[in-house]
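*Asks:* Would you mind keeping the following structure in view while I ask a few things?
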Amino acid sequence: MADVHSKEIRSFNMSRIKGKDTKPEILVRKFLFSKGLRYKLHDKQLPGKPDLVFPKYKTVLFIHGCFWHGHEGCRYYVIPKTRTDWWLAKINGNKKKDAESVTRLVQLGWKINEVWGCELKPDKREKTLKSLFEKITS
């Protein structure tokens with residue numbers, strides 16, 4: 001099956017996908033900052049460069065996009081119909097890197113929290129953010 005976009009348009013679309021400062025990430029950051037939590041962003045010295053690091057609580061937070069990190073059972077994780085093998089390799093590679101990062105962080109004594117993009121949709125957002133705040137501060 002051919003791509004619905006030309007090579008140039010597909011390249012442009014893919015170039016607009018961000019890895020940092022995504023909408024879900026900013027949403028979580030603003031909420032936690034408003035609750036008085038202070039954090040470091042994308043600490044390169046830690047495995048997996050966690051999105052948020054809370055040194056005071058020895059806790060890290062990963063904010064995962066459902067598609068890019070293969071959120072099983074989620075309606076937002078749909079395997080593309082074109083280049084399926086390539087996409088599965090890409091997403092499974094991301095999942096493997098995530099698992100390795102979590103393992104190394106736990107070995108270093110860090111607590112891990114993960115938030116999925118689907119958990120930040122308007123109908124689940126408030127519950128997710130309150131629960132996240134409780135997990136970090138407890």
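Letters A, B, ... go to the chains of the structure tokens in the order shown; residues in each chain start at 1; ligands are counted from 1 in the same order.
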Give the strand (DSSP E or B) residues of chain A, as assigned by DSSP on the backbone, as JSON, numbers by chain.
*Replies:* {"A": [40, 41, 52, 53, 54, 59, 60, 61, 62, 63, 64, 111, 112, 113, 114, 115, 116]}
*Asks:* Please identify all polymer residues within 12 Å of Ile112 in chain A, counting only C-alpha atoms, omitting same-chain residues fewer than 2 positions from it, and present them as a PyMOL selection string.
*Replies:* chain A and resi 47-48+50-54+57-63+98-99+101-110+114-115+132+135-136
*Asks:* Taking N, CA, C and O atoms for each residue, export the selection above as a short mmCIF file (atom, residue, chain, number, x, y, z; two decimals), in the first residue's frame.
*Replies:*
```cif
data_model
loop_
_atom_site.label_atom_id
_atom_site.label_comp_id
_atom_site.auth_asym_id
_atom_site.auth_seq_id
_atom_site.Cartn_x
_atom_site.Cartn_y
_atom_site.Cartn_z
N PRO A 47 19.92 7.40 33.08
CA PRO A 47 19.54 6.52 31.98
C PRO A 47 18.17 6.89 31.41
O PRO A 47 17.23 7.12 32.17
N GLY A 48 18.06 6.98 30.10
CA GLY A 48 16.80 7.26 29.45
C GLY A 48 16.40 8.73 29.43
O GLY A 48 15.33 9.07 28.92
N PRO A 50 15.09 11.00 31.67
CA PRO A 50 13.68 11.16 32.09
C PRO A 50 13.17 12.56 31.79
O PRO A 50 13.92 13.54 31.84
N ASP A 51 11.86 12.66 31.49
CA ASP A 51 11.27 13.95 31.17
C ASP A 51 11.35 14.90 32.35
O ASP A 51 11.67 16.07 32.18
N LEU A 52 11.05 14.40 33.54
CA LEU A 52 11.14 15.21 34.75
C LEU A 52 11.88 14.43 35.82
O LEU A 52 11.64 13.23 36.01
N VAL A 53 12.76 15.12 36.54
CA VAL A 53 13.52 14.50 37.63
C VAL A 53 13.26 15.32 38.88
O VAL A 53 13.42 16.54 38.88
N PHE A 54 12.86 14.63 39.94
CA PHE A 54 12.59 15.26 41.23
C PHE A 54 13.65 14.79 42.21
O PHE A 54 13.45 13.81 42.94
N TYR A 57 12.81 13.96 45.92
CA TYR A 57 12.06 12.73 46.17
C TYR A 57 12.73 11.50 45.56
O TYR A 57 12.18 10.41 45.62
N LYS A 58 13.90 11.70 44.93
CA LYS A 58 14.62 10.62 44.22
C LYS A 58 13.65 9.88 43.30
O LYS A 58 13.54 8.66 43.28
N THR A 59 12.90 10.67 42.53
CA THR A 59 11.86 10.15 41.64
C THR A 59 12.04 10.73 40.25
O THR A 59 12.41 11.90 40.09
N VAL A 60 11.75 9.91 39.25
CA VAL A 60 11.76 10.39 37.86
C VAL A 60 10.40 10.14 37.24
O VAL A 60 9.64 9.28 37.69
N LEU A 61 10.09 10.90 36.20
CA LEU A 61 8.82 10.78 35.50
C LEU A 61 9.06 10.72 34.00
O LEU A 61 9.78 11.56 33.45
N PHE A 62 8.48 9.70 33.39
CA PHE A 62 8.48 9.58 31.94
C PHE A 62 7.07 9.86 31.45
O PHE A 62 6.11 9.31 31.97
N ILE A 63 6.95 10.72 30.45
CA ILE A 63 5.65 11.01 29.83
C ILE A 63 5.72 10.42 28.43
O ILE A 63 6.42 10.93 27.56
N ASP A 98 13.08 1.74 26.85
CA ASP A 98 12.35 2.18 28.05
C ASP A 98 12.57 1.20 29.20
O ASP A 98 12.86 1.61 30.33
N ALA A 99 12.43 -0.10 28.92
CA ALA A 99 12.58 -1.12 29.96
C ALA A 99 14.01 -1.12 30.52
O ALA A 99 14.20 -1.24 31.74
N SER A 101 16.10 1.41 30.58
CA SER A 101 16.28 2.64 31.36
C SER A 101 15.66 2.49 32.74
O SER A 101 16.26 2.87 33.75
N VAL A 102 14.46 1.93 32.80
CA VAL A 102 13.77 1.74 34.07
C VAL A 102 14.58 0.81 34.97
O VAL A 102 14.79 1.09 36.16
N THR A 103 15.07 -0.27 34.42
CA THR A 103 15.87 -1.23 35.19
C THR A 103 17.11 -0.55 35.77
O THR A 103 17.41 -0.70 36.97
N ARG A 104 17.81 0.22 34.96
CA ARG A 104 19.03 0.89 35.43
C ARG A 104 18.70 1.95 36.48
O ARG A 104 19.45 2.09 37.45
N LEU A 105 17.61 2.67 36.29
CA LEU A 105 17.23 3.69 37.28
C LEU A 105 16.87 3.05 38.62
O LEU A 105 17.25 3.56 39.68
N VAL A 106 16.15 1.94 38.59
CA VAL A 106 15.80 1.24 39.83
C VAL A 106 17.07 0.76 40.52
O VAL A 106 17.19 0.87 41.75
N GLN A 107 18.02 0.26 39.76
CA GLN A 107 19.29 -0.19 40.35
C GLN A 107 20.03 0.96 41.01
O GLN A 107 20.74 0.76 41.99
N LEU A 108 19.84 2.17 40.49
CA LEU A 108 20.48 3.36 41.07
C LEU A 108 19.68 3.93 42.23
O LEU A 108 20.08 4.94 42.83
N GLY A 109 18.53 3.33 42.54
CA GLY A 109 17.74 3.76 43.69
C GLY A 109 16.66 4.79 43.40
O GLY A 109 16.13 5.40 44.32
N TRP A 110 16.31 4.99 42.15
CA TRP A 110 15.29 5.96 41.78
C TRP A 110 13.91 5.31 41.75
O TRP A 110 13.78 4.15 41.38
N GLU A 114 5.37 6.71 35.36
CA GLU A 114 5.11 6.86 33.93
C GLU A 114 3.69 7.39 33.75
O GLU A 114 2.78 6.98 34.45
N VAL A 115 3.56 8.30 32.80
CA VAL A 115 2.24 8.81 32.42
C VAL A 115 2.12 8.62 30.92
O VAL A 115 3.05 8.94 30.16
N LEU A 132 -0.73 11.37 40.23
CA LEU A 132 0.69 11.54 40.00
C LEU A 132 1.32 12.37 41.12
O LEU A 132 2.40 12.01 41.64
N LYS A 135 1.71 10.21 44.16
CA LYS A 135 2.79 9.22 44.01
C LYS A 135 4.15 9.84 44.21
O LYS A 135 5.04 9.26 44.84
N ILE A 136 4.34 11.04 43.68
CA ILE A 136 5.66 11.69 43.76
C ILE A 136 5.94 12.12 45.19
O ILE A 136 7.05 11.92 45.69
#
```
*Asks:* Could you tell me how far CA of Ile91 in chain A sits from CA of Asn13 in chain A, in Å to one decimal place?
*Replies:*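 Result for CA of Asn13 in chain A versus CA of Ile91 in chain A: 18.2 Å, one decimal.
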*Asks:* As a VMD selection string, please: every residue in chain A that DSSP puts in alpha helix (DSSP H).
*Replies:* chain A and resid 7 to 15 23 to 34 84 to 107 125 to 137
*Asks:* Pick the closest to Arg29 in chain A from A:Lys7, A:Lys44, A:Cys66, A:Phe133: which is it, counting only C-alpha atoms?
*Replies:*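 The answer is A:Phe133, which sits nearest to Arg29 in chain A.
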*Asks:* Of the residues A:Pro55, A:Lys81, A:Leu37, A:His69, which is the one nearest to Val4 in chain A, using only C-alpha atoms?
*Replies:*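 Comparing A:Pro55, A:Lys81, A:Leu37, A:His69 against Val4 in chain A, the winner is A:Lys81.
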